[in-house]
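Structure file run_26.cif; described as mmCIF, C-alpha atoms.
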```cif
data_model
loop_
_atom_site.group_PDB
_atom_site.id
_atom_site.type_symbol
_atom_site.label_atom_id
_atom_site.label_comp_id
_atom_site.auth_asym_id
_atom_site.auth_seq_id
_atom_site.Cartn_x
_atom_site.Cartn_y
_atom_site.Cartn_z
ATOM 1 C CA MET S 1 0.000 0.000 0.000
ATOM 2 C CA GLU S 2 1.134 3.573 -0.675
ATOM 3 C CA THR S 3 2.659 5.282 2.334
ATOM 4 C CA PHE S 4 2.569 8.789 0.795
ATOM 5 C CA VAL S 5 -0.534 10.029 -0.994
ATOM 6 C CA ILE S 6 -1.513 13.382 -2.504
ATOM 7 C CA PHE S 7 -5.097 14.610 -2.662
ATOM 8 C CA ASN S 8 -6.893 17.617 -4.083
ATOM 9 C CA LYS S 9 -8.384 19.256 -1.008
ATOM 10 C CA TYR S 10 -12.138 19.635 -1.228
ATOM 11 C CA LYS S 11 -15.301 19.287 0.823
ATOM 12 C CA ARG S 12 -18.179 18.723 -1.540
ATOM 13 C CA ARG S 13 -20.996 18.215 0.962
ATOM 14 C CA PRO S 14 -22.769 21.460 1.987
ATOM 15 C CA ILE S 15 -23.411 22.062 5.674
ATOM 16 C CA PRO S 16 -25.594 24.686 7.404
ATOM 17 C CA GLU S 17 -24.053 28.111 7.818
ATOM 18 C CA GLU S 18 -24.240 27.886 11.609
ATOM 19 C CA LEU S 19 -21.914 24.855 11.508
ATOM 20 C CA LEU S 20 -19.307 26.386 9.206
ATOM 21 C CA LYS S 21 -17.339 28.037 12.012
ATOM 22 C CA GLY S 22 -16.500 24.665 13.522
ATOM 23 C CA ASP S 23 -15.985 22.916 10.186
ATOM 24 C CA ASN S 24 -13.088 20.571 10.930
ATOM 25 C CA ARG S 25 -14.274 17.757 8.678
ATOM 26 C CA SER S 26 -11.925 15.179 7.237
ATOM 27 C CA ASP S 27 -11.542 15.360 3.479
ATOM 28 C CA GLU S 28 -13.893 13.117 1.489
ATOM 29 C CA GLY S 29 -11.121 11.857 -0.767
ATOM 30 C CA VAL S 30 -9.075 10.517 2.150
ATOM 31 C CA ILE S 31 -12.017 8.630 3.603
ATOM 32 C CA GLU S 32 -12.993 7.185 0.217
ATOM 33 C CA PHE S 33 -9.400 6.015 -0.256
ATOM 34 C CA PHE S 34 -9.389 3.965 2.941
ATOM 35 C CA ILE S 35 -12.949 2.647 2.704
ATOM 36 C CA LYS S 36 -12.207 1.387 -0.804
ATOM 37 C CA LYS S 37 -8.946 -0.188 0.376
ATOM 38 C CA TYR S 38 -10.209 -1.983 3.462
ATOM 39 C CA THR S 39 -13.923 -2.709 2.975
ATOM 40 C CA LYS S 40 -16.462 -4.157 0.579
ATOM 41 C CA GLU S 41 -20.120 -3.384 -0.048
ATOM 42 C CA GLY S 42 -22.322 -4.290 2.900
ATOM 43 C CA ASP S 43 -19.562 -3.920 5.510
ATOM 44 C CA ASN S 44 -20.167 -2.034 8.747
ATOM 45 C CA VAL S 45 -18.110 1.168 9.028
ATOM 46 C CA ILE S 46 -17.868 3.104 12.293
ATOM 47 C CA ASP S 47 -16.662 6.582 13.217
ATOM 48 C CA ILE S 48 -16.521 7.069 16.988
ATOM 49 C CA PHE S 49 -15.916 10.816 16.584
ATOM 50 C CA ALA S 50 -18.585 11.315 13.930
ATOM 51 C CA GLY S 51 -18.480 15.127 13.861
ATOM 52 C CA LEU S 52 -20.381 16.360 10.822
ATOM 53 C CA GLY S 53 -20.801 12.823 9.541
ATOM 54 C CA THR S 54 -18.339 12.724 6.658
ATOM 55 C CA THR S 55 -17.251 9.124 7.264
ATOM 56 C CA LEU S 56 -20.856 8.018 7.673
ATOM 57 C CA PHE S 57 -22.109 9.801 4.552
ATOM 58 C CA ILE S 58 -19.230 8.474 2.431
ATOM 59 C CA ALA S 59 -19.730 4.935 3.729
ATOM 60 C CA GLU S 60 -23.420 5.128 2.867
ATOM 61 C CA GLU S 61 -22.682 6.447 -0.631
ATOM 62 C CA MET S 62 -20.306 3.508 -1.142
ATOM 63 C CA ASN S 63 -22.986 1.008 -0.046
ATOM 64 C CA ARG S 64 -21.494 0.296 3.359
ATOM 65 C CA ILE S 65 -23.502 0.452 6.587
ATOM 66 C CA PRO S 66 -22.490 3.475 8.700
ATOM 67 C CA TYR S 67 -22.401 3.753 12.486
ATOM 68 C CA GLY S 68 -21.262 6.719 14.532
ATOM 69 C CA VAL S 69 -21.156 8.446 17.907
ATOM 70 C CA GLU S 70 -21.195 12.233 18.274
ATOM 71 C CA LEU S 71 -21.067 14.267 21.486
ATOM 72 C CA GLU S 72 -22.298 17.639 20.197
ATOM 73 C CA GLU S 73 -26.083 17.719 19.811
ATOM 74 C CA GLU S 74 -26.145 20.241 16.957
ATOM 75 C CA ARG S 75 -23.823 18.113 14.842
ATOM 76 C CA PHE S 76 -25.659 14.924 15.796
ATOM 77 C CA THR S 77 -28.972 16.457 14.714
ATOM 78 C CA PHE S 78 -27.550 17.494 11.340
ATOM 79 C CA VAL S 79 -26.145 14.014 10.667
ATOM 80 C CA LYS S 80 -29.266 12.169 11.815
ATOM 81 C CA LYS S 81 -31.461 14.365 9.627
ATOM 82 C CA ASN S 82 -29.411 13.653 6.497
ATOM 83 C CA LEU S 83 -28.268 10.051 6.988
ATOM 84 C CA LYS S 84 -30.415 7.343 5.398
ATOM 85 C CA HIS S 85 -29.460 4.979 8.235
ATOM 86 C CA SER S 86 -30.603 7.630 10.707
ATOM 87 C CA ASN S 87 -30.874 5.216 13.646
ATOM 88 C CA ASN S 88 -27.196 4.353 13.331
ATOM 89 C CA ILE S 89 -25.897 7.654 14.703
ATOM 90 C CA PHE S 90 -25.824 7.940 18.504
ATOM 91 C CA LEU S 91 -25.754 11.120 20.564
ATOM 92 C CA GLY S 92 -23.230 10.351 23.252
ATOM 93 C CA ASP S 93 -19.702 10.070 24.570
ATOM 94 C CA SER S 94 -17.251 7.795 22.763
ATOM 95 C CA ARG S 95 -15.662 7.079 26.148
ATOM 96 C CA LYS S 96 -18.889 5.195 26.956
ATOM 97 C CA LEU S 97 -19.128 3.246 23.721
ATOM 98 C CA SER S 98 -20.399 0.074 25.395
ATOM 99 C CA GLU S 99 -23.653 1.847 26.255
ATOM 100 C CA TYR S 100 -24.743 2.041 22.611
ATOM 101 C CA ASP S 101 -26.290 -0.714 20.512
ATOM 102 C CA ILE S 102 -23.574 -1.021 17.897
ATOM 103 C CA PRO S 103 -23.009 -4.312 16.029
ATOM 104 C CA HIS S 104 -19.579 -5.705 15.251
ATOM 105 C CA CYS S 105 -17.867 -3.570 12.630
ATOM 106 C CA ASP S 106 -15.497 -4.304 9.760
ATOM 107 C CA PHE S 107 -13.676 -0.964 9.632
ATOM 108 C CA SER S 108 -13.218 2.233 11.606
ATOM 109 C CA PHE S 109 -12.091 5.658 10.413
ATOM 110 C CA SER S 110 -11.984 8.509 12.923
ATOM 111 C CA SER S 111 -10.190 11.724 13.703
ATOM 112 C CA PRO S 112 -10.242 12.523 17.434
ATOM 113 C CA ILE S 113 -10.610 16.116 18.542
ATOM 114 C CA PHE S 114 -7.041 17.391 18.808
ATOM 115 C CA MET S 115 -5.402 18.722 21.972
ATOM 116 C CA ASN S 116 -2.200 20.702 22.475
ATOM 117 C CA LYS S 117 -0.033 19.745 25.421
ATOM 118 C CA THR S 118 -0.416 23.273 26.860
ATOM 119 C CA GLU S 119 -4.234 23.189 26.938
ATOM 120 C CA THR S 120 -6.115 22.717 30.202
ATOM 121 C CA VAL S 121 -9.622 21.844 28.967
ATOM 122 C CA ASN S 122 -10.469 18.302 27.881
ATOM 123 C CA PRO S 123 -11.783 18.202 24.276
ATOM 124 C CA LEU S 124 -13.143 14.678 24.773
ATOM 125 C CA SER S 125 -15.698 16.142 27.197
ATOM 126 C CA GLY S 126 -16.863 18.665 24.606
ATOM 127 C CA PHE S 127 -14.578 21.219 26.293
ATOM 128 C CA THR S 128 -16.768 21.187 29.413
ATOM 129 C CA THR S 129 -14.268 19.848 31.976
ATOM 130 C CA ASP S 130 -10.694 20.582 32.911
ATOM 131 C CA GLY S 131 -7.962 18.171 31.943
ATOM 132 C CA ASP S 132 -4.358 17.951 30.866
ATOM 133 C CA TYR S 133 -2.651 16.338 27.894
ATOM 134 C CA ASP S 134 -1.690 13.160 29.760
ATOM 135 C CA GLN S 135 -5.305 12.637 30.818
ATOM 136 C CA TYR S 136 -6.428 13.200 27.235
ATOM 137 C CA LEU S 137 -4.082 10.474 25.985
ATOM 138 C CA ARG S 138 -5.256 8.052 28.671
ATOM 139 C CA GLU S 139 -8.862 8.679 27.652
ATOM 140 C CA ILE S 140 -7.995 8.168 23.977
ATOM 141 C CA GLY S 141 -6.710 4.787 25.099
ATOM 142 C CA LEU S 142 -9.999 4.120 26.907
ATOM 143 C CA VAL S 143 -11.998 5.036 23.813
ATOM 144 C CA TYR S 144 -10.066 2.605 21.639
ATOM 145 C CA LYS S 145 -10.120 -0.104 24.296
ATOM 146 C CA ASN S 146 -13.919 0.156 24.167
ATOM 147 C CA LEU S 147 -13.864 0.211 20.368
ATOM 148 C CA LYS S 148 -12.028 -3.121 20.374
ATOM 149 C CA GLU S 149 -15.172 -4.729 21.778
ATOM 150 C CA VAL S 150 -17.182 -3.818 18.663
ATOM 151 C CA MET S 151 -14.530 -4.502 16.013
ATOM 152 C CA LYS S 152 -14.439 -7.832 14.224
ATOM 153 C CA PRO S 153 -11.278 -9.948 14.345
ATOM 154 C CA ASN S 154 -8.702 -8.825 11.767
ATOM 155 C CA SER S 155 -10.596 -5.574 11.152
ATOM 156 C CA VAL S 156 -8.723 -2.349 10.381
ATOM 157 C CA ILE S 157 -8.811 0.861 12.388
ATOM 158 C CA VAL S 158 -7.557 4.125 10.847
ATOM 159 C CA ILE S 159 -6.907 7.228 12.947
ATOM 160 C CA GLU S 160 -6.361 10.563 11.212
ATOM 161 C CA ALA S 161 -4.103 12.835 13.272
ATOM 162 C CA SER S 162 -1.439 15.509 13.022
ATOM 163 C CA ASN S 163 1.437 16.733 15.080
ATOM 164 C CA LEU S 164 0.744 20.321 16.121
ATOM 165 C CA LYS S 165 2.714 23.551 16.085
ATOM 166 C CA ASN S 166 1.066 26.385 17.995
ATOM 167 C CA SER S 167 2.799 29.575 19.168
ATOM 168 C CA GLY S 168 6.180 27.909 19.008
ATOM 169 C CA VAL S 169 5.058 24.869 20.994
ATOM 170 C CA LEU S 170 5.320 21.414 19.395
ATOM 171 C CA THR S 171 2.851 18.683 20.371
ATOM 172 C CA THR S 172 3.665 15.275 18.895
ATOM 173 C CA LEU S 173 -0.017 14.377 18.949
ATOM 174 C CA ALA S 174 -0.028 11.848 16.106
ATOM 175 C CA TRP S 175 2.928 9.956 17.545
ATOM 176 C CA ASP S 176 1.509 10.044 21.073
ATOM 177 C CA ILE S 177 -1.881 8.745 19.927
ATOM 178 C CA CYS S 178 -0.089 6.019 18.003
ATOM 179 C CA SER S 179 1.846 4.995 21.110
ATOM 180 C CA GLU S 180 -1.333 4.817 23.202
ATOM 181 C CA VAL S 181 -3.489 2.942 20.694
ATOM 182 C CA SER S 182 -0.649 0.503 19.937
ATOM 183 C CA LYS S 183 -1.270 -0.923 23.410
ATOM 184 C CA ILE S 184 -4.676 -2.109 22.145
ATOM 185 C CA PHE S 185 -4.343 -2.820 18.421
ATOM 186 C CA ARG S 186 -1.380 -3.881 16.310
ATOM 187 C CA PHE S 187 0.152 -0.878 14.587
ATOM 188 C CA GLU S 188 0.738 -1.618 10.901
ATOM 189 C CA GLY S 189 2.162 1.700 9.717
ATOM 190 C CA GLU S 190 1.185 5.166 8.607
ATOM 191 C CA VAL S 191 0.094 6.854 5.403
ATOM 192 C CA ILE S 192 1.330 10.425 5.046
ATOM 193 C CA VAL S 193 -1.304 12.643 3.434
ATOM 194 C CA VAL S 194 -0.412 15.884 1.633
ATOM 195 C CA TRP S 195 -2.527 18.337 -0.353
ATOM 196 C CA ASP S 196 -2.229 19.538 -3.936
ATOM 197 C CA ILE S 197 -3.668 23.058 -3.943
ATOM 198 C CA PRO S 198 -2.115 24.968 -6.871
ATOM 199 C CA GLY S 199 -1.584 28.693 -6.417
ATOM 200 C CA MET S 200 -2.441 28.775 -2.728
ATOM 201 C CA GLU S 201 -0.039 29.412 0.143
ATOM 202 C CA PHE S 202 -0.651 28.318 3.724
ATOM 203 C CA PRO S 203 1.711 29.852 6.302
ATOM 204 C CA ASN S 204 0.313 27.554 8.992
ATOM 205 C CA GLY S 205 0.373 24.462 6.777
ATOM 206 C CA ALA S 206 -2.286 23.209 4.392
ATOM 207 C CA PHE S 207 -3.686 20.924 7.080
ATOM 208 C CA GLY S 208 -4.071 23.915 9.388
ATOM 209 C CA TYR S 209 -1.963 22.760 12.325
ATOM 210 C CA GLY S 210 1.484 23.986 11.364
ATOM 211 C CA TYR S 211 2.306 21.233 8.892
ATOM 212 C CA ASP S 212 1.766 20.565 5.199
ATOM 213 C CA HIS S 213 1.016 16.911 5.910
ATOM 214 C CA HIS S 214 -0.725 14.703 8.409
ATOM 215 C CA TYR S 215 -0.916 11.025 9.253
ATOM 216 C CA CYS S 216 -3.418 8.248 8.830
ATOM 217 C CA LEU S 217 -2.326 5.672 11.404
ATOM 218 C CA ILE S 218 -3.302 2.111 10.530
ATOM 219 C CA PHE S 219 -4.023 -0.537 13.148
ATOM 220 C CA ARG S 220 -5.369 -4.074 13.011
ATOM 221 C CA ASN S 221 -7.530 -5.843 15.581
ATOM 222 C CA MET S 222 -5.677 -9.047 16.329
#
```

Since I need it in another form, could you write the structure as structure tokens?
Amino acid sequence: METFVIFNKYKRRPIPEELLKGDNRSDEGVIEFFIKKYTKEGDNVIDIFAGLGTTLFIAEEMNRIPYGVELEEERFTFVKKNLKHSNNIFLGDSRKLSEYDIPHCDFSFSSPIFMNKTETVNPLSGFTTDGDYDQYLREIGLVYKNLKEVMKPNSVIVIEASNLKNSGVLTTLAWDICSEVSKIFRFEGEVIVVWDIPGMEFPNGAFGYGYDHHYCLIFRNM
């Protein structure tokens, strides 16, 4: 499999204006790439950080069965309203995955909410509770430990993440997530994703976090 891929950056699915400010969706092309690689029609695909539903919508378009969990009610409502499999999106906390009626899944693609090591509010709580970076990583581990219970044997889990550069501070987020999740699933390598956007310059990186690339970390449930 390629370990370095280039995509044209685009988001083709319209979303309501009130959700545009927090539009941190993964790119459709990246998700299509991995769903095509690791699944077949009829497979169950799960995103435990469903966000604005990109993974779920793409899976549905590709004749897979989508499942997702989303913490923010406004985003959940948007996804549920527009997803054909509307009962397959759950309003809730991915740290409590066992509470939801989710069948065994063939593939997972998710991008956790990112956290800098200098932040003091926990993004996994919807930014409602205090927390530090070490706690965040431990809870990422808890999320994926719970995910293991709904993944089929030999299934593939992809995590989209980036290292972060903010105000001169480096957070090796992608590598730290990889280290934590490797305690649960077998790490099989990374795909580096870069963007082809002719004529446009991005002083903070095309991915928006200080870099011109990010990582899709690939794990297998053994």

Open item on the list: Can you spell out as a PyMOL selection string the set of residues that the PyMOL selection byres ((chain S and resi 47) around 9) selects in the structure I just provided?
Closed with: chain S and resi 45-46+48-51+53+55-56+66-70+107-111

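From CA of Asn154 (chain S) back to CA of Met62 (chain S), the distance works out to 21.3 Å.
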
- [ ] Given the file shown, enumerate the residues that the PyMOL selection byres ((chain S and resi 10-27) around 9) captures and present them as a list in words.
- [x] Phe7, Asn8, Lys9, Glu28, Gly29, Val30, Ile31, Glu32, Gly51, Leu52, Gly53, Thr54, Thr55, Glu74, Arg75, Phe78, Ser110, Ser111 and Glu160 of chain S

TODO: Apply the PyMOL selection byres ((chain S and resi 164-172) around 12) to the file shown and report the selected residues as a ChimeraX atom specification.
DONE: /S:114-119,133-134,137,161-163,173-179,203-205,207-215

Atoms kept (C-alpha atoms) for selection, written as a compact mmCIF listing (two decimals), in the coordinates of the input:
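Now in out04.txt:
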```txt
# COMPACT_ATOMS: atom_id res chain seq x y z
CA PHE S 114 -7.04 17.39 18.81
CA MET S 115 -5.40 18.72 21.97
CA ASN S 116 -2.20 20.70 22.48
CA LYS S 117 -0.03 19.74 25.42
CA THR S 118 -0.42 23.27 26.86
CA GLU S 119 -4.23 23.19 26.94
CA TYR S 133 -2.65 16.34 27.89
CA ASP S 134 -1.69 13.16 29.76
CA LEU S 137 -4.08 10.47 25.98
CA ALA S 161 -4.10 12.84 13.27
CA SER S 162 -1.44 15.51 13.02
CA ASN S 163 1.44 16.73 15.08
CA LEU S 173 -0.02 14.38 18.95
CA ALA S 174 -0.03 11.85 16.11
CA TRP S 175 2.93 9.96 17.55
CA ASP S 176 1.51 10.04 21.07
CA ILE S 177 -1.88 8.74 19.93
CA CYS S 178 -0.09 6.02 18.00
CA SER S 179 1.85 5.00 21.11
CA PRO S 203 1.71 29.85 6.30
CA ASN S 204 0.31 27.55 8.99
CA GLY S 205 0.37 24.46 6.78
CA PHE S 207 -3.69 20.92 7.08
CA GLY S 208 -4.07 23.92 9.39
CA TYR S 209 -1.96 22.76 12.32
CA GLY S 210 1.48 23.99 11.36
CA TYR S 211 2.31 21.23 8.89
CA ASP S 212 1.77 20.56 5.20
CA HIS S 213 1.02 16.91 5.91
CA HIS S 214 -0.72 14.70 8.41
CA TYR S 215 -0.92 11.02 9.25
```

Task: Pairwise distance for CA of Cys105 (chain S) and CA of Glu2 (chain S), rounded to one decimal in Å - done: 24.3 Å

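Across the model, the gap from CA of Lys36 (chain S) to CA of Tyr100 (chain S) is 26.6 Å.
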
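Between Val194 (chain S) and the candidates S:Ile6, S:Asn221, S:Pro103, S:Met1, the tightest atom-to-atom separation, counting all atoms listed in the file, involves S:Ile6.
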